[in-house]
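Below is my_file_15.txt, holding compact mmCIF, C-alpha atoms.
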```txt
# COMPACT_ATOMS: atom_id res chain seq x y z
CA MET A 1 127.73 157.56 11.97
CA THR A 2 123.96 157.83 12.24
CA SER A 3 123.70 159.19 8.69
CA ILE A 4 125.65 156.19 7.38
CA PHE A 5 123.32 153.81 9.23
CA MET A 6 120.20 155.51 7.95
CA THR A 7 121.48 155.65 4.37
CA LEU A 8 121.86 151.90 4.07
CA LYS A 9 118.69 151.32 6.06
CA ASN A 10 116.80 153.43 3.54
CA ILE A 11 118.50 151.77 0.57
CA LEU A 12 117.41 148.35 1.83
CA HIS A 13 113.87 149.66 2.40
CA LEU A 14 113.66 148.49 6.00
CA LYS A 15 110.18 149.46 7.07
CA SER A 16 108.72 149.76 10.55
CA GLY A 17 106.13 147.15 11.38
CA ARG A 18 108.01 144.30 9.70
CA LYS A 19 108.91 141.13 11.59
CA ILE A 20 112.04 141.93 13.58
CA LYS A 21 114.87 139.41 13.12
CA THR A 22 117.01 138.05 15.96
CA ILE A 23 120.79 138.27 15.53
CA ILE A 24 123.52 136.58 17.61
CA PHE A 25 126.87 138.26 18.24
CA PRO A 26 129.39 135.69 19.56
CA GLU A 27 132.12 138.33 20.05
CA SER A 28 130.04 139.98 22.74
CA TYR A 29 132.91 141.66 24.59
CA ASP A 30 134.35 143.49 21.60
CA GLU A 31 133.75 147.18 22.29
CA ARG A 32 132.61 147.70 18.69
CA ILE A 33 129.98 144.96 19.09
CA ILE A 34 128.75 146.58 22.31
CA TRP A 35 128.39 149.98 20.64
CA ALA A 36 126.73 148.45 17.57
CA THR A 37 124.28 146.59 19.81
CA ARG A 38 123.38 149.88 21.48
CA VAL A 39 122.60 151.41 18.10
CA ILE A 40 120.51 148.41 17.01
CA LEU A 41 118.54 148.39 20.27
CA LYS A 42 117.97 152.15 20.13
CA GLU A 43 116.64 151.87 16.60
CA LYS A 44 114.69 148.69 17.41
CA SER A 45 115.86 147.36 14.07
CA ALA A 46 116.61 143.84 15.39
CA LYS A 47 116.60 141.70 18.49
CA VAL A 48 120.09 140.86 19.77
CA ILE A 49 121.54 137.83 21.55
CA LEU A 50 124.93 138.24 23.22
CA ILE A 51 126.97 135.30 24.50
CA ASN A 52 128.11 135.59 28.11
CA THR A 53 131.38 133.80 28.86
CA GLY A 54 131.94 135.13 32.36
CA LYS A 55 132.03 138.92 32.46
CA ASP A 56 129.05 141.13 33.25
CA LEU A 57 127.59 142.24 29.93
CA SER A 58 124.38 143.72 31.33
CA LYS A 59 126.24 146.71 32.77
CA HIS A 60 126.73 148.05 29.24
CA PHE A 61 123.01 148.28 28.49
CA ASN A 62 119.81 149.69 29.82
CA ASP A 63 116.96 147.20 30.21
CA SER A 64 115.61 146.22 26.80
CA GLU A 65 113.11 143.57 25.75
CA LEU A 66 115.10 143.25 22.51
CA LEU A 67 118.30 142.09 24.26
CA ASP A 68 118.96 138.55 25.49
CA ILE A 69 122.23 137.51 27.13
CA ILE A 70 122.74 133.73 26.97
CA ASP A 71 125.27 132.02 29.21
CA ILE A 72 127.85 129.84 27.44
CA ASN A 73 126.94 126.97 29.82
CA PHE A 74 123.61 126.78 28.04
CA ASN A 75 125.60 124.89 25.37
CA GLU A 76 125.33 121.59 27.27
CA GLN A 77 121.86 120.93 25.91
CA PHE A 78 123.31 120.77 22.37
CA LEU A 79 126.07 118.27 23.17
CA ASP A 80 124.33 115.13 21.91
CA ASP A 81 123.18 116.81 18.68
CA TYR A 82 126.60 118.34 18.05
CA PHE A 83 128.35 115.04 18.75
CA ALA A 84 126.09 113.24 16.24
CA LEU A 85 126.61 115.99 13.68
CA LYS A 86 130.41 115.87 13.92
CA LYS A 87 130.70 112.08 14.23
CA ALA A 88 128.92 111.63 10.90
CA LYS A 89 131.88 113.37 9.22
CA ARG A 90 134.66 112.56 11.71
CA PRO A 91 134.08 109.11 13.24
CA GLU A 92 137.17 109.50 15.44
CA ILE A 93 135.86 112.55 17.29
CA THR A 94 135.21 112.20 21.03
CA ILE A 95 132.55 113.63 23.27
CA GLU A 96 135.26 115.57 25.12
CA GLN A 97 136.36 117.25 21.89
CA CYS A 98 132.76 118.23 21.23
CA LYS A 99 132.48 119.73 24.71
CA ARG A 100 135.53 121.86 24.00
CA ASP A 101 134.12 122.91 20.63
CA LEU A 102 130.83 124.02 22.18
CA SER A 103 132.67 126.17 24.71
CA ASP A 104 133.69 128.35 21.74
CA PRO A 105 131.14 131.21 21.45
CA LEU A 106 131.18 131.00 17.64
CA ILE A 107 130.37 127.26 17.54
CA PHE A 108 127.77 127.75 20.27
CA SER A 109 126.18 130.62 18.32
CA CYS A 110 125.97 128.50 15.17
CA MET A 111 124.25 125.74 17.17
CA LEU A 112 121.77 128.28 18.53
CA LEU A 113 121.10 129.39 14.95
CA ARG A 114 120.79 125.81 13.72
CA ASN A 115 118.21 125.12 16.42
CA GLY A 116 116.03 128.13 15.68
CA TYR A 117 116.97 130.49 18.51
CA ALA A 118 117.84 133.25 16.05
CA ASP A 119 117.65 134.29 12.40
CA GLY A 120 121.33 134.98 11.85
CA VAL A 121 124.84 135.25 13.27
CA ILE A 122 127.30 138.10 12.74
CA ALA A 123 130.96 137.39 13.57
CA GLY A 124 134.44 138.25 12.40
CA SER A 125 135.44 141.32 14.41
CA ILE A 126 137.80 138.98 16.31
CA TYR A 127 137.47 135.61 14.57
CA SER A 128 139.16 135.14 11.19
CA THR A 129 137.17 134.57 8.01
CA THR A 130 138.42 130.98 8.00
CA ASP A 131 137.03 130.46 11.52
CA VAL A 132 133.65 131.95 10.62
CA LEU A 133 133.29 129.96 7.39
CA ARG A 134 134.46 126.69 8.92
CA ALA A 135 132.00 126.96 11.81
CA SER A 136 129.08 128.03 9.64
CA ILE A 137 129.59 125.35 6.98
CA SER A 138 130.13 122.53 9.48
CA VAL A 139 127.30 123.47 11.86
CA VAL A 140 124.71 125.47 9.91
CA GLY A 141 125.37 123.69 6.60
CA LEU A 142 124.66 124.62 3.00
CA ALA A 143 121.37 125.74 1.53
CA GLU A 144 119.27 123.06 -0.10
CA ASN A 145 120.50 122.02 -3.57
CA ASN A 146 123.59 124.20 -3.18
CA LYS A 147 127.28 123.27 -3.31
CA THR A 148 128.90 126.71 -3.19
CA VAL A 149 129.45 129.18 -0.36
CA SER A 150 130.61 132.55 -1.65
CA SER A 151 130.36 136.22 -0.78
CA PHE A 152 129.74 139.65 -2.22
CA PHE A 153 130.16 143.27 -1.20
CA LEU A 154 127.34 145.74 -1.55
CA PHE A 155 128.37 149.32 -2.36
CA HIS A 156 126.53 152.59 -2.10
CA PHE A 157 127.99 156.07 -2.48
CA PRO A 158 127.83 159.34 -0.53
CA LYS A 159 125.69 162.19 -1.82
CA THR A 160 128.78 164.01 -3.08
CA SER A 161 129.70 161.15 -5.43
CA PRO A 162 128.77 161.22 -9.14
CA HIS A 163 127.60 157.62 -8.56
CA LYS A 164 125.34 158.50 -5.62
CA ASP A 165 122.29 156.83 -7.22
CA LYS A 166 124.05 153.53 -7.89
CA ILE A 167 124.07 150.40 -5.74
CA LEU A 168 126.64 147.82 -6.85
CA ALA A 169 127.54 144.25 -5.93
CA TYR A 170 131.00 142.67 -6.35
CA ALA A 171 131.43 138.88 -6.16
CA ASP A 172 133.26 136.85 -5.09
CA SER A 173 135.43 139.15 -3.02
CA GLY A 174 136.03 137.10 0.10
CA VAL A 175 135.75 133.30 -0.09
CA ILE A 176 136.76 131.24 -3.17
CA PRO A 177 140.30 131.92 -4.44
CA ASN A 178 139.95 130.35 -7.90
CA PRO A 179 136.37 129.36 -8.66
CA THR A 180 135.54 126.67 -11.21
CA VAL A 181 133.09 127.26 -14.06
CA GLU A 182 130.29 125.78 -11.96
CA GLN A 183 131.23 127.82 -8.90
CA LEU A 184 131.45 131.02 -10.94
CA SER A 185 127.95 130.36 -12.24
CA ASP A 186 126.71 129.67 -8.70
CA ILE A 187 128.29 132.93 -7.53
CA ALA A 188 126.57 134.90 -10.30
CA ILE A 189 123.13 133.38 -9.66
CA GLN A 190 123.36 133.68 -5.86
CA THR A 191 124.57 137.27 -6.02
CA ALA A 192 121.90 138.32 -8.50
CA LYS A 193 119.12 136.85 -6.37
CA ASN A 194 120.44 138.39 -3.17
CA TYR A 195 121.03 141.76 -4.82
CA LYS A 196 117.36 141.76 -5.88
CA LYS A 197 116.28 140.63 -2.39
CA LEU A 198 118.22 143.41 -0.67
CA THR A 199 117.65 146.31 -3.04
CA SER A 200 114.51 145.42 -5.05
CA ILE A 201 116.51 146.48 -8.15
CA THR A 202 116.71 144.24 -11.23
CA PRO A 203 120.22 142.72 -11.33
CA LYS A 204 122.30 143.24 -14.46
CA ILE A 205 125.29 140.92 -14.39
CA ALA A 206 128.68 141.54 -15.97
CA PHE A 207 131.22 138.71 -16.07
CA LEU A 208 134.43 140.74 -15.97
CA SER A 209 137.79 140.14 -17.63
CA PHE A 210 140.63 142.01 -19.35
CA SER A 211 138.83 141.46 -22.68
CA THR A 212 135.53 142.63 -24.18
CA LYS A 213 133.85 140.30 -26.66
CA GLY A 214 137.02 138.73 -27.97
CA SER A 215 139.22 141.84 -28.01
CA ALA A 216 141.95 139.63 -26.52
CA LYS A 217 142.63 135.90 -26.65
CA ASP A 218 143.78 133.79 -23.73
CA ALA A 219 142.92 130.41 -22.24
CA SER A 220 141.91 132.10 -18.97
CA LEU A 221 138.92 133.65 -20.75
CA ASP A 222 137.38 130.24 -21.44
CA LYS A 223 136.26 129.82 -17.84
CA ILE A 224 134.48 133.17 -17.86
CA LEU A 225 132.62 132.47 -21.10
CA GLN A 226 131.67 128.95 -20.00
CA ALA A 227 130.40 130.27 -16.66
CA TYR A 228 128.29 132.87 -18.49
CA GLU A 229 126.84 130.26 -20.85
CA LEU A 230 126.06 127.92 -17.95
CA THR A 231 124.38 130.74 -16.04
CA LYS A 232 122.18 131.66 -18.99
CA LYS A 233 121.25 128.00 -19.43
CA ARG A 234 120.31 127.68 -15.76
CA GLU A 235 118.61 131.09 -15.41
CA PRO A 236 117.70 132.30 -18.91
CA LYS A 237 115.72 135.29 -17.61
CA LEU A 238 118.74 136.87 -15.93
CA ILE A 239 120.20 139.91 -17.69
CA ALA A 240 123.89 139.05 -18.13
CA ASP A 241 126.78 139.45 -20.53
CA ALA A 242 130.38 138.25 -20.97
CA GLU A 243 133.21 138.75 -21.34
CA LEU A 244 133.43 142.45 -20.46
CA GLN A 245 136.08 144.87 -19.31
CA PHE A 246 134.91 147.01 -16.42
CA ASP A 247 134.52 150.18 -18.49
CA ALA A 248 132.40 148.37 -21.06
CA ALA A 249 130.18 147.10 -18.26
CA PHE A 250 129.89 150.37 -16.33
CA VAL A 251 130.26 153.34 -18.68
CA PRO A 252 127.45 153.74 -21.26
CA ASN A 253 129.56 155.62 -23.84
CA VAL A 254 132.26 152.96 -23.69
CA ALA A 255 129.66 150.19 -23.94
CA LYS A 256 128.33 151.75 -27.17
CA ARG A 257 131.77 151.48 -28.74
CA LYS A 258 132.97 148.19 -27.32
CA ASN A 259 129.74 146.20 -26.99
CA PRO A 260 127.00 147.88 -29.08
CA LYS A 261 124.84 144.75 -29.36
CA GLY A 262 125.27 143.57 -25.78
CA SER A 263 122.54 143.14 -23.18
CA ILE A 264 124.64 145.19 -20.74
CA LYS A 265 124.81 148.79 -21.96
CA GLY A 266 127.12 150.29 -19.38
CA ASP A 267 124.45 149.74 -16.74
CA ALA A 268 125.73 146.64 -14.92
CA ASN A 269 125.17 146.55 -11.18
CA VAL A 270 126.35 143.02 -10.34
CA PHE A 271 130.00 142.40 -11.19
CA ILE A 272 131.37 138.86 -11.26
CA PHE A 273 135.15 138.64 -10.97
CA PRO A 274 137.15 135.72 -12.42
CA ASP A 275 138.98 135.04 -9.15
CA LEU A 276 139.46 136.26 -5.60
CA ASN A 277 142.57 138.28 -6.42
CA ALA A 278 140.62 140.47 -8.81
CA GLY A 279 137.50 140.70 -6.64
CA ASN A 280 139.28 141.56 -3.42
CA ILE A 281 141.58 144.13 -5.02
CA ALA A 282 138.69 145.78 -6.84
CA TYR A 283 136.47 146.10 -3.78
CA LYS A 284 139.23 147.75 -1.75
CA ILE A 285 140.05 150.19 -4.56
CA THR A 286 136.35 151.04 -4.92
CA GLU A 287 136.11 151.67 -1.20
CA ARG A 288 139.42 153.41 -0.51
CA ILE A 289 139.92 155.43 -3.69
CA GLY A 290 136.40 155.51 -5.10
CA GLY A 291 134.89 156.58 -1.78
CA ALA A 292 132.16 153.93 -1.82
CA ILE A 293 130.61 152.65 1.41
CA ALA A 294 131.13 148.89 1.43
CA THR A 295 128.95 146.41 3.29
CA GLY A 296 130.30 142.87 3.47
CA PRO A 297 131.48 140.35 2.87
CA ILE A 298 127.87 139.17 2.68
CA VAL A 299 128.16 135.39 2.87
CA GLN A 300 125.71 133.43 0.72
CA GLY A 301 124.89 129.78 0.10
CA LEU A 302 124.35 128.72 3.72
CA ALA A 303 121.17 127.16 5.10
CA LYS A 304 120.80 130.16 7.45
CA PRO A 305 122.61 133.53 7.43
CA VAL A 306 126.06 133.75 9.01
CA MET A 307 127.78 137.02 8.11
CA ASP A 308 131.52 137.66 8.27
CA LEU A 309 132.98 140.99 9.39
CA SER A 310 136.45 142.28 8.68
CA ARG A 311 138.63 142.34 11.80
CA GLY A 312 139.21 146.00 10.96
CA CYS A 313 135.48 146.73 10.95
CA GLU A 314 133.89 149.80 12.49
CA VAL A 315 130.64 150.13 14.41
CA SER A 316 128.85 151.30 11.25
CA ASP A 317 129.94 148.13 9.41
CA ILE A 318 128.42 145.95 12.13
CA VAL A 319 125.14 147.86 12.20
CA ASN A 320 124.92 147.82 8.42
CA MET A 321 125.42 144.04 8.41
CA SER A 322 122.50 143.72 10.83
CA TYR A 323 120.36 145.52 8.25
CA VAL A 324 121.45 142.94 5.66
CA ILE A 325 120.38 140.04 7.87
CA SER A 326 117.05 141.78 8.40
CA LYS A 327 116.44 141.38 4.65
CA PHE A 328 117.72 137.78 4.30
```

Please, can you express the file's structure as structure tokens?
Amino acid sequence: MTSIFMTLKNILHLKSGRKIKTIIFPESYDERIIWATRVILKEKSAKVILINTGKDLSKHFNDSELLDIIDINFNEQFLDDYFALKKAKRPEITIEQCKRDLSDPLIFSCMLLRNGYADGVIAGSIYSTTDVLRASISVVGLAENNKTVSSFFLFHFPKTSPHKDKILAYADSGVIPNPTVEQLSDIAIQTAKNYKKLTSITPKIAFLSFSTKGSAKDASLDKILQAYELTKKREPKLIADAELQFDAAFVPNVAKRKNPKGSIKGDANVFIFPDLNAGNIAYKITERIGGAIATGPIVQGLAKPVMDLSRGCEVSDIVNMSYVISKF
């Protein structure tokens, strides 16, 4: 596992001496979270806050200045703020309902994040994606001037892979089932900016479809082309192209034949899928058959980082996600 951790850590260029971020894990009793916390503390790659709901968490750790265990009863100080926040959207809500909400470690963690106690939250080893997104959107809120919350997966490959030097992003693979033109454009712009932030590599965006430059005709292609045109209008300096089949976006020899005049010459690294069916299927094929190491879903568009894990995640997935938050 250590080699997997260090590979992504090196890819993201996490350097010693940087400001260490503080990350909250609401699912503090999950054995995978405990082991991941041990790795993070040993590496000193982040500070960690665990939420104590009654059991003794300290027995799992040696003394560390980078670990803070916060009691769930600490939530009472946020009751008035949380009540005001929820009442603005749900006038019928009661103070008792808000008390019950704040007894949930995920809601409590999001309130801690909202109030500056940490730099990010990682959840989803037990909570569902719906739970994580609902809590983060309602409590943490959206980034300024943003209407879309989406996600992407970041892929890197083992040394034995012919693609070992490539780092790829797939979006959206975890949030929006059928994005509109505007949402698809938001997804492309958000993913490109975050890909550059994480990897320092210039993003090259391919809007994917079953057609390359009009090789097929169908009404479903209109959305992809409109999203591409909107993206170029909003961010003209981005390197992007549409519509492209995956081979025309990824394989240089195919790109020469199918898209000889395109700005993407088989060197795309950010792939925008037309809907969640395509994105989710593709990421799992890339991981399970292609042998890629997937990190994600990396949630984007929130005011502060809240990252969602798969409930089938492993310790390495959790540690890798902590590296991502360290770069956000």

At most 9 Å from (122.2, 147.8, 21.1), file frame, only C-alpha atoms: which residues, as a compact mmCIF listing (two decimals) with C-alpha atoms, keeping the file's coordinate frame?
```
# COMPACT_ATOMS: atom_id res chain seq x y z
CA ILE A 33 129.98 144.96 19.09
CA ILE A 34 128.75 146.58 22.31
CA TRP A 35 128.39 149.98 20.64
CA ALA A 36 126.73 148.45 17.57
CA THR A 37 124.28 146.59 19.81
CA ARG A 38 123.38 149.88 21.48
CA VAL A 39 122.60 151.41 18.10
CA ILE A 40 120.51 148.41 17.01
CA LEU A 41 118.54 148.39 20.27
CA LYS A 42 117.97 152.15 20.13
CA GLU A 43 116.64 151.87 16.60
CA LYS A 44 114.69 148.69 17.41
CA ALA A 46 116.61 143.84 15.39
CA LYS A 47 116.60 141.70 18.49
CA VAL A 48 120.09 140.86 19.77
CA PHE A 61 123.01 148.28 28.49
CA SER A 64 115.61 146.22 26.80
CA LEU A 66 115.10 143.25 22.51
CA LEU A 67 118.30 142.09 24.26
```

Could you tell me which of A:Phe155, A:Ser150, A:Glu76, A:Ile318 comes closest to A:Glu96 if we count all atoms listed in the file? A:Glu76

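Summary of the local environment: counting all atoms listed in the file, residues at most 7 Å from A:Ile264, other than itself and those fewer than 3 positions away along its chain, are Lys204, Ala240, Asp241, Ala249, Asp267 and Ala268 of chain A.
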
Nearest to A:Ile187, chosen from A:Thr202, A:Thr295, A:Asn73, A:Ser173, with all atoms listed in the file counted in the distances: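 Among the listed residues, the smallest separation from A:Ile187 belongs to A:Ser173.
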
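Pairwise distance (atom CA of A:Gln245, atom CA of A:Leu221) equals 11.7 Å.
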
Can you list, as a short mmCIF file (atom, residue, chain, number, x, y, z; two decimals) with C-alpha atoms, in the coordinates of the input, every protein, DNA or RNA residue that comes within 10 Å of A:His13 when you count all atoms listed in the file, leaving out same-chain residues fewer than 6 positions away?
```cif
data_model
loop_
_atom_site.label_atom_id
_atom_site.label_comp_id
_atom_site.auth_asym_id
_atom_site.auth_seq_id
_atom_site.Cartn_x
_atom_site.Cartn_y
_atom_site.Cartn_z
CA THR A 7 121.48 155.65 4.37
CA LEU A 198 118.22 143.41 -0.67
CA THR A 199 117.65 146.31 -3.04
CA SER A 200 114.51 145.42 -5.05
CA TYR A 323 120.36 145.52 8.25
CA LYS A 327 116.44 141.38 4.65
#
```

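Take the candidates A:Ile167, A:Lys261, A:Asn269, A:Phe74 and check each one against A:Pro203 using only C-alpha atoms; the shortest distance goes to A:Asn269.
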
Interatomic distance, atom CA of A:Gln300 to atom CA of A:Ile23 (Å, one decimal):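 Here the two named atoms are 16.3 Å from each other.
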
Have a look at atom CA of A:Glu65 and atom CA of A:Gln77 and let me know their distance in Å, one decimal.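 Separation of atom CA of A:Glu65 and atom CA of A:Gln77: 24.3 Å.
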
Counting all atoms listed in the file, figure out which residue out of A:Tyr82, A:Ile49, A:Thr130, A:Ala227 gets nearest to A:Ile69.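 Selected residue with least distance to A:Ile69: A:Ile49.
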
Selection near A:Asn259, 9 Å with only C-alpha atoms, sequence-local residues under 4 positions removed, as number ranges by chain: A: 212-213, 244, 248-249, 254-255, 263-265

Identify, on the basis of all atoms listed in the file, every residue whose closest approach to A:Asn194 does not exceed 12 Å; exclude the query and any residue fewer than 6 positions from it along the same chain; express the result as a VMD selection string. chain A and resid 12 150 to 154 168 to 171 187 to 188 200 to 203 270 298 to 301 305 324 to 325 327 to 328

Pick from A:Phe157, A:Phe78, A:Phe108, A:Tyr283: nearest to A:Ser136, with only C-alpha atoms counted? A:Phe108

Spatial neighbours of A:Phe25, 7 Å, all atoms listed in the file, chain gap at least 6 places, as a list in words: Ile49, Leu50, Ile51, Val121, Ile122 and Ala123 of chain A

Check the smallest atom-to-atom distance from each of A:Ala135, A:Ala118, A:Leu276, A:Val175 to A:Asp104 using all atoms listed in the file, then report the winner.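 Using all atoms listed in the file, A:Asp104 sits closest to A:Ala135.
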